[in-house]
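Raw contents of protein_31.cif, mmCIF, C-alpha atoms:
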```cif
data_entry
#
loop_
_atom_site.label_atom_id
_atom_site.label_comp_id
_atom_site.auth_asym_id
_atom_site.auth_seq_id
_atom_site.Cartn_x
_atom_site.Cartn_y
_atom_site.Cartn_z
CA MET A 1118 -56.10 46.18 -150.97
CA ALA A 1119 -55.96 42.83 -152.71
CA GLU A 1120 -59.35 43.64 -154.19
CA ARG A 1121 -58.91 41.37 -157.19
CA GLY A 1122 -58.00 38.53 -154.83
CA ASP A 1123 -61.05 39.36 -152.74
CA ASP A 1124 -63.31 39.11 -155.79
CA HIS A 1125 -61.83 35.71 -156.56
CA ALA A 1126 -62.30 34.60 -152.96
CA LYS A 1127 -65.89 35.86 -152.89
CA GLN A 1128 -66.72 33.83 -155.99
CA ALA A 1129 -65.18 30.73 -154.40
CA VAL A 1130 -67.14 31.36 -151.20
CA LEU A 1131 -70.40 31.81 -153.11
CA SER A 1132 -69.75 28.61 -155.04
CA ALA A 1133 -69.18 26.64 -151.83
CA ASN A 1134 -72.24 28.24 -150.26
CA GLN A 1135 -74.37 27.30 -153.28
CA GLY A 1136 -73.09 23.72 -152.92
CA LEU A 1137 -74.98 23.44 -149.64
CA TYR A 1138 -78.29 24.22 -151.32
CA ASP A 1139 -77.50 22.10 -154.40
CA ALA A 1140 -76.87 19.16 -152.07
CA ILE A 1141 -80.24 19.57 -150.31
CA GLU A 1142 -82.09 19.96 -153.61
CA ALA A 1143 -80.43 16.85 -155.05
CA GLY A 1144 -80.71 14.87 -151.80
CA ASP A 1145 -77.00 14.17 -152.29
CA LEU A 1146 -75.37 13.41 -148.94
CA ASP A 1147 -71.93 12.88 -150.54
CA LEU A 1148 -72.10 16.35 -152.03
CA MET A 1149 -73.29 17.69 -148.68
CA ARG A 1150 -70.32 16.10 -146.91
CA SER A 1151 -67.92 17.58 -149.48
CA VAL A 1152 -69.03 21.17 -148.82
CA TRP A 1153 -68.55 20.98 -145.04
CA ALA A 1154 -65.29 21.27 -143.13
CA PRO A 1155 -64.51 18.06 -141.24
CA GLY A 1156 -64.23 18.07 -137.47
CA ASP A 1157 -66.16 18.02 -134.24
CA GLN A 1158 -66.61 21.78 -133.77
CA THR A 1159 -68.65 22.59 -136.85
CA VAL A 1160 -72.17 23.80 -136.09
CA CYS A 1161 -75.54 23.53 -137.81
CA VAL A 1162 -78.94 24.91 -136.80
CA HIS A 1163 -81.91 23.77 -138.88
CA PRO A 1164 -84.99 26.04 -138.77
CA GLY A 1165 -86.74 25.76 -135.40
CA SER A 1166 -84.24 23.21 -134.09
CA GLU A 1167 -81.38 23.08 -131.63
CA HIS A 1168 -77.66 23.09 -132.42
CA VAL A 1169 -76.12 20.06 -134.08
CA THR A 1170 -72.36 19.97 -133.44
CA GLY A 1171 -69.68 18.08 -135.37
CA THR A 1172 -69.72 17.11 -139.02
CA SER A 1173 -70.67 13.46 -138.42
CA ALA A 1174 -73.77 14.43 -136.46
CA ILE A 1175 -74.54 17.21 -138.93
CA MET A 1176 -74.48 14.68 -141.81
CA ARG A 1177 -76.93 12.46 -139.92
CA SER A 1178 -79.20 15.47 -139.46
CA TRP A 1179 -79.07 16.22 -143.19
CA ALA A 1180 -79.80 12.58 -143.99
CA LEU A 1181 -82.93 12.91 -141.86
CA VAL A 1182 -83.91 16.14 -143.60
CA MET A 1183 -83.39 14.52 -147.01
CA ALA A 1184 -85.34 11.38 -146.02
CA ASN A 1185 -88.31 13.52 -145.03
CA THR A 1186 -88.22 15.85 -148.02
CA GLY A 1187 -89.63 15.08 -151.44
CA TYR A 1188 -89.19 17.95 -153.85
CA ILE A 1189 -87.41 20.99 -152.51
CA GLN A 1190 -86.10 24.07 -154.25
CA PHE A 1191 -84.18 27.02 -152.86
CA ILE A 1192 -84.17 30.47 -154.37
CA LEU A 1193 -81.64 32.58 -152.50
CA SER A 1194 -82.09 36.33 -152.22
CA GLY A 1195 -80.21 39.10 -150.50
CA VAL A 1196 -76.95 37.17 -150.65
CA ALA A 1197 -74.13 39.13 -148.96
CA VAL A 1198 -70.55 37.93 -148.52
CA THR A 1199 -68.06 39.35 -146.03
CA LEU A 1200 -64.45 38.20 -146.01
CA LEU A 1201 -62.59 38.13 -142.69
CA PRO A 1202 -60.10 39.01 -141.37
CA ARG A 1203 -59.88 42.20 -143.31
CA THR A 1204 -56.64 44.10 -143.57
CA ALA A 1205 -56.16 46.89 -141.01
CA GLU A 1206 -59.42 46.13 -139.23
CA THR A 1207 -58.18 43.04 -137.47
CA THR A 1208 -54.77 41.44 -137.53
CA GLY A 1209 -53.25 42.85 -140.69
CA ASP A 1210 -53.63 39.57 -142.57
CA VAL A 1211 -53.97 40.17 -146.27
CA GLU A 1212 -55.57 36.92 -147.32
CA PRO A 1213 -59.06 36.21 -146.02
CA SER A 1214 -59.41 32.94 -144.18
CA LEU A 1215 -63.06 33.13 -143.18
CA ALA A 1216 -66.25 34.35 -144.75
CA VAL A 1217 -69.74 35.09 -143.52
CA VAL A 1218 -72.54 34.62 -146.05
CA SER A 1219 -75.96 36.02 -145.18
CA CYS A 1220 -78.93 35.13 -147.33
CA THR A 1221 -82.67 34.62 -147.39
CA GLU A 1222 -83.77 31.10 -148.30
CA ASN A 1223 -87.00 31.16 -150.30
CA VAL A 1224 -88.12 27.56 -150.16
CA LEU A 1225 -90.60 25.56 -152.23
CA SER A 1226 -91.02 22.07 -150.82
CA GLU A 1227 -93.24 19.01 -150.97
CA ALA A 1228 -93.97 16.81 -147.99
CA GLU A 1229 -93.66 13.09 -148.79
CA GLY A 1230 -95.71 10.31 -147.29
CA GLU A 1231 -99.01 12.16 -147.31
CA SER A 1232 -101.99 10.84 -149.25
CA VAL A 1233 -102.50 14.23 -150.81
CA GLN A 1234 -99.10 15.69 -151.62
CA THR A 1235 -98.82 19.25 -150.49
CA PHE A 1236 -96.47 21.97 -151.54
CA ALA A 1237 -95.31 24.50 -149.02
CA GLY A 1238 -93.64 27.83 -149.68
CA GLY A 1239 -91.59 29.31 -146.91
CA ARG A 1240 -88.90 31.74 -146.07
CA ALA A 1241 -85.95 31.38 -143.76
CA VAL A 1242 -82.93 33.54 -143.06
CA ALA A 1243 -79.48 32.01 -142.93
CA ASN A 1244 -75.99 32.93 -141.89
CA ASN A 1245 -73.21 30.64 -143.04
CA VAL A 1246 -69.59 30.81 -141.90
CA LEU A 1247 -67.00 29.35 -144.27
CA VAL A 1248 -63.33 28.64 -143.64
CA ARG A 1249 -60.53 28.52 -146.20
CA THR A 1250 -58.85 25.13 -146.09
CA PRO A 1251 -56.18 23.48 -148.26
CA SER A 1252 -59.03 21.87 -150.21
CA GLY A 1253 -60.97 25.08 -150.69
CA TRP A 1254 -63.67 27.01 -148.86
CA LYS A 1255 -65.75 24.79 -146.58
CA ILE A 1256 -68.80 25.43 -144.44
CA TRP A 1257 -68.03 25.73 -140.73
CA MET A 1258 -71.39 26.97 -139.47
CA HIS A 1259 -74.89 27.02 -140.94
CA HIS A 1260 -77.71 28.69 -139.04
CA SER A 1261 -81.11 28.87 -140.68
CA SER A 1262 -84.22 30.17 -138.92
CA PRO A 1263 -87.83 30.79 -139.86
CA VAL A 1264 -89.18 34.29 -140.45
CA LEU A 1265 -92.17 34.55 -138.14
CA LEU A 1266 -92.67 38.23 -137.41
CA PRO A 1267 -93.38 40.19 -140.61
CA GLU A 1268 -97.05 40.73 -139.65
CA GLU A 1269 -96.04 42.34 -136.36
CA VAL A 1270 -93.87 44.79 -138.23
CA ASP A 1271 -96.78 45.63 -140.54
CA GLU A 1272 -99.12 46.17 -137.60
CA ALA A 1273 -96.72 48.48 -135.81
CA MET B 1013 -49.90 25.00 -130.07
CA ALA B 1014 -50.30 28.31 -128.25
CA GLU B 1015 -52.77 26.58 -125.97
CA ARG B 1016 -52.22 28.98 -123.09
CA GLY B 1017 -52.84 31.85 -125.49
CA ASP B 1018 -55.96 30.11 -126.72
CA ASP B 1019 -57.28 29.80 -123.17
CA HIS B 1020 -56.72 33.51 -122.68
CA ALA B 1021 -58.41 34.29 -125.98
CA LYS B 1022 -61.38 32.06 -125.13
CA GLN B 1023 -61.88 33.88 -121.83
CA ALA B 1024 -61.78 37.21 -123.65
CA VAL B 1025 -64.28 35.93 -126.22
CA LEU B 1026 -66.63 34.64 -123.53
CA SER B 1027 -66.43 37.96 -121.71
CA ALA B 1028 -67.34 39.87 -124.86
CA ASN B 1029 -70.13 37.39 -125.61
CA GLN B 1030 -71.53 37.81 -122.10
CA GLY B 1031 -71.49 41.58 -122.64
CA LEU B 1032 -74.19 41.17 -125.28
CA TYR B 1033 -76.55 39.54 -122.78
CA ASP B 1034 -75.60 41.92 -119.95
CA ALA B 1035 -76.51 44.82 -122.25
CA ILE B 1036 -79.95 43.37 -123.04
CA GLU B 1037 -80.65 42.61 -119.38
CA ALA B 1038 -79.62 46.12 -118.33
CA GLY B 1039 -81.36 47.80 -121.27
CA ASP B 1040 -78.03 49.57 -121.79
CA LEU B 1041 -77.66 50.63 -125.41
CA ASP B 1042 -74.24 52.21 -124.81
CA LEU B 1043 -72.96 48.89 -123.47
CA MET B 1044 -74.59 47.12 -126.43
CA ARG B 1045 -72.80 49.43 -128.86
CA SER B 1046 -69.48 48.82 -127.11
CA VAL B 1047 -69.62 45.04 -127.60
CA TRP B 1048 -70.28 45.21 -131.35
CA ALA B 1049 -67.71 45.81 -134.07
CA PRO B 1050 -68.43 49.03 -135.96
CA GLY B 1051 -69.20 48.93 -139.67
CA ASP B 1052 -71.85 48.29 -142.26
CA GLN B 1053 -71.31 44.54 -142.74
CA THR B 1054 -72.10 43.30 -139.24
CA VAL B 1055 -75.19 41.10 -139.09
CA CYS B 1056 -77.89 40.44 -136.50
CA VAL B 1057 -80.89 38.11 -136.61
CA HIS B 1058 -83.38 38.42 -133.74
CA PRO B 1059 -85.58 35.35 -133.11
CA GLY B 1060 -88.17 34.96 -135.86
CA SER B 1061 -86.97 38.07 -137.69
CA GLU B 1062 -85.07 38.94 -140.82
CA HIS B 1063 -81.43 40.03 -141.09
CA VAL B 1064 -80.44 43.44 -139.79
CA THR B 1065 -77.21 44.59 -141.43
CA GLY B 1066 -74.76 47.24 -140.22
CA THR B 1067 -74.09 48.31 -136.67
CA SER B 1068 -76.17 51.52 -136.84
CA ALA B 1069 -79.28 49.60 -137.92
CA ILE B 1070 -78.49 46.83 -135.43
CA MET B 1071 -78.39 49.38 -132.59
CA ARG B 1072 -81.79 50.71 -133.66
CA SER B 1073 -83.13 47.16 -133.59
CA TRP B 1074 -81.78 46.62 -130.07
CA ALA B 1075 -83.29 49.93 -128.96
CA LEU B 1076 -86.66 48.63 -130.17
CA VAL B 1077 -86.15 45.32 -128.34
CA MET B 1078 -85.22 47.17 -125.16
CA ALA B 1079 -88.17 49.55 -125.45
CA ASN B 1080 -90.56 46.60 -125.67
CA THR B 1081 -88.99 44.53 -122.92
CA GLY B 1082 -89.55 44.98 -119.22
CA TYR B 1083 -87.67 42.49 -117.13
CA ILE B 1084 -85.52 40.03 -119.03
CA GLN B 1085 -82.96 37.54 -117.82
CA PHE B 1086 -80.72 35.21 -119.82
CA ILE B 1087 -79.29 31.98 -118.51
CA LEU B 1088 -76.88 30.62 -121.09
CA SER B 1089 -76.28 26.89 -121.38
CA GLY B 1090 -74.21 24.70 -123.68
CA VAL B 1091 -71.76 27.52 -124.35
CA ALA B 1092 -69.06 26.40 -126.81
CA VAL B 1093 -66.24 28.57 -128.16
CA THR B 1094 -64.21 27.83 -131.27
CA LEU B 1095 -61.25 29.99 -132.20
CA LEU B 1096 -60.44 30.47 -135.88
CA PRO B 1097 -58.25 30.33 -137.87
CA ARG B 1098 -56.58 27.40 -136.20
CA THR B 1099 -52.99 26.55 -136.93
CA ALA B 1100 -52.47 23.96 -139.66
CA GLU B 1101 -56.15 23.71 -140.46
CA THR B 1102 -56.36 26.95 -142.31
CA THR B 1103 -53.68 29.45 -143.09
CA GLY B 1104 -51.01 28.67 -140.52
CA ASP B 1105 -51.81 31.75 -138.47
CA VAL B 1106 -50.94 31.19 -134.86
CA GLU B 1107 -53.09 33.85 -133.26
CA PRO B 1108 -56.83 33.44 -133.52
CA SER B 1109 -58.59 36.40 -135.05
CA LEU B 1110 -62.15 35.11 -135.09
CA ALA B 1111 -64.33 33.08 -132.81
CA VAL B 1112 -67.66 31.31 -133.07
CA VAL B 1113 -69.70 31.06 -129.86
CA SER B 1114 -72.67 28.69 -129.82
CA CYS B 1115 -75.07 28.77 -126.90
CA THR B 1116 -78.63 28.16 -125.82
CA GLU B 1117 -80.41 31.25 -124.49
CA ASN B 1118 -82.81 30.33 -121.68
CA VAL B 1119 -84.93 33.46 -121.36
CA LEU B 1120 -87.20 34.75 -118.63
CA SER B 1121 -88.98 37.90 -119.73
CA GLU B 1122 -91.83 40.20 -118.86
CA ALA B 1123 -93.94 41.99 -121.44
CA GLU B 1124 -94.49 45.65 -120.62
CA GLY B 1125 -97.56 47.66 -121.38
CA GLU B 1126 -100.07 44.97 -120.50
CA SER B 1127 -102.68 45.47 -117.77
CA VAL B 1128 -101.78 42.13 -116.27
CA GLN B 1129 -98.01 41.74 -116.46
CA THR B 1130 -97.05 38.36 -117.76
CA PHE B 1131 -93.81 36.45 -117.56
CA ALA B 1132 -92.72 34.24 -120.40
CA GLY B 1133 -90.04 31.59 -120.36
CA GLY B 1134 -88.51 30.63 -123.64
CA ARG B 1135 -85.55 29.06 -125.27
CA ALA B 1136 -83.56 30.16 -128.28
CA VAL B 1137 -80.36 28.95 -129.86
CA ALA B 1138 -77.66 31.41 -130.87
CA ASN B 1139 -74.47 31.50 -132.85
CA ASN B 1140 -72.29 34.55 -132.41
CA VAL B 1141 -69.22 35.40 -134.49
CA LEU B 1142 -66.62 37.62 -132.84
CA VAL B 1143 -63.63 39.34 -134.41
CA ARG B 1144 -60.41 40.37 -132.70
CA THR B 1145 -59.88 44.10 -133.11
CA PRO B 1146 -57.30 46.53 -131.69
CA SER B 1147 -59.86 47.34 -128.97
CA GLY B 1148 -60.59 43.72 -128.11
CA TRP B 1149 -63.01 41.00 -129.23
CA LYS B 1150 -66.17 42.44 -130.77
CA ILE B 1151 -69.36 40.85 -132.03
CA TRP B 1152 -69.57 40.65 -135.82
CA MET B 1153 -72.64 38.43 -136.17
CA HIS B 1154 -75.44 37.43 -133.80
CA HIS B 1155 -78.05 34.93 -134.94
CA SER B 1156 -80.69 33.84 -132.44
CA SER B 1157 -83.64 31.63 -133.35
CA PRO B 1158 -86.52 30.04 -131.47
CA VAL B 1159 -86.59 26.32 -130.70
CA LEU B 1160 -89.90 25.13 -132.13
CA LEU B 1161 -89.50 21.44 -132.87
CA PRO B 1162 -88.70 19.45 -129.70
CA GLU B 1163 -92.15 17.80 -129.68
CA GLU B 1164 -91.61 16.45 -133.18
CA VAL B 1165 -88.40 14.79 -132.06
CA ASP B 1166 -90.24 13.24 -129.11
CA GLU B 1167 -92.97 11.92 -131.36
CA ALA B 1168 -90.53 10.31 -133.81
#
```
Take the structure in the file and write it out as structure tokens.
Amino acid sequence: MAERGDDHAKQAVLSANQGLYDAIEAGDLDLMRSVWAPGDQTVCVHPGSEHVTGTSAIMRSWALVMANTGYIQFILSGVAVTLLPRTAETTGDVEPSLAVVSCTENVLSEAEGESVQTFAGGRAVANNVLVRTPSGWKIWMHHSSPVLLPEEVDEA
Amino acid sequence: MAERGDDHAKQAVLSANQGLYDAIEAGDLDLMRSVWAPGDQTVCVHPGSEHVTGTSAIMRSWALVMANTGYIQFILSGVAVTLLPRTAETTGDVEPSLAVVSCTENVLSEAEGESVQTFAGGRAVANNVLVRTPSGWKIWMHHSSPVLLPEEVDEA
């Protein structure tokens, strides 16, 4: 039902989701602000950190990330989009108003302020919740966390 | 608008959210299954791990967690519930159909299978997405990640 509309919505969601990573790569706080929903209930978890709540505080946290990051590049893999609510499963709404994007963030970064500049490759997993607003799909929640346990799985 | 209804919905969401932690504490996989939405697009991230997608795979992952956990107790703090969509901000729907619960998981656990049983205290941050279904609020996404960086904040 409304599959063509869903395809269109998924593309819009993916575009907004990509905006988050474009903003980090470019160190562009204005772009970062434009991809988030405004308000004091939005939520962001940076890898290894606690919750940051509210878009103003979240922007300050991104400013800190950007200030401490030289070169950074994200290659996303395993990107999956789910639109909610879905007809019949929840309230009978036809048009999706929320989306969950799951992805793996493959990160290449450079730490600034060190005498010998070092590059670090890393991998994090993220879940992003986006809401449909009058000005398009906006990020409501971003939760990114480090992948620490692959060796344990291999040893099992 | 519909504030009384929102209070009722928030209580229902919190009850469903608590069910997740009750199920882990009790090692009760049937209870765990009952608090999750069925389907192949649900998402779970255990601390330090990769995405697990789909409720069948998620239940297998919880079975593994339960099999490797002796005593475990969760004390939740900083629990915040946001109901979505919210009138006027998104689609004009009056009844919430999704919820985001943010909380800190303060964990006391015991590792089984060791000659000297050890207790470990730890802290993780979680974001849970719940959907309203005909059989009540169910968990759609659970993302829990370890808090690794408090010392860095202190040193700044």
With all atoms listed in the file considered, list every residue of chain A at most 10 Å from chain B, as number ranges by chain. A: 1154, 1158-1168, 1170, 1195, 1197-1202, 1205-1208, 1210, 1212-1215, 1217-1221, 1240-1244, 1246, 1248-1254, 1257-1267, 1270
Record the distance separating atom CA of A:Val1224 and atom CA of A:Leu1193, expressed in Å with one decimal. 8.5 Å
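Separating atom CA of A:Ala1143 from atom CA of A:His1125 is a distance of 26.5 Å.
Rounded to one decimal, atom CA of B:Gly1134 and atom CA of B:Thr1067 lie 26.3 Å from each other.
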Care to translate the PyMOL selection byres ((chain B and resi 1084) around 12) into actual residues of this file, as a PyMOL selection string? chain B and resi 1033-1039+1077-1083+1085-1087+1117-1124+1130-1134
Give me the residues within 8 Å of B:Gly1031 as a ChimeraX atom specification, counting only C-alpha atoms and dropping any in the same chain fewer than 4 places off. /B:1027,1035,1043-1044,1047
Using all atoms listed in the file for the distances, tell me which of B:Ser1073, B:Asn1029, B:Ser1089, B:Asn1140 is nearest to B:Ser1046.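 Smallest distance to B:Ser1046 is found for B:Asn1029.
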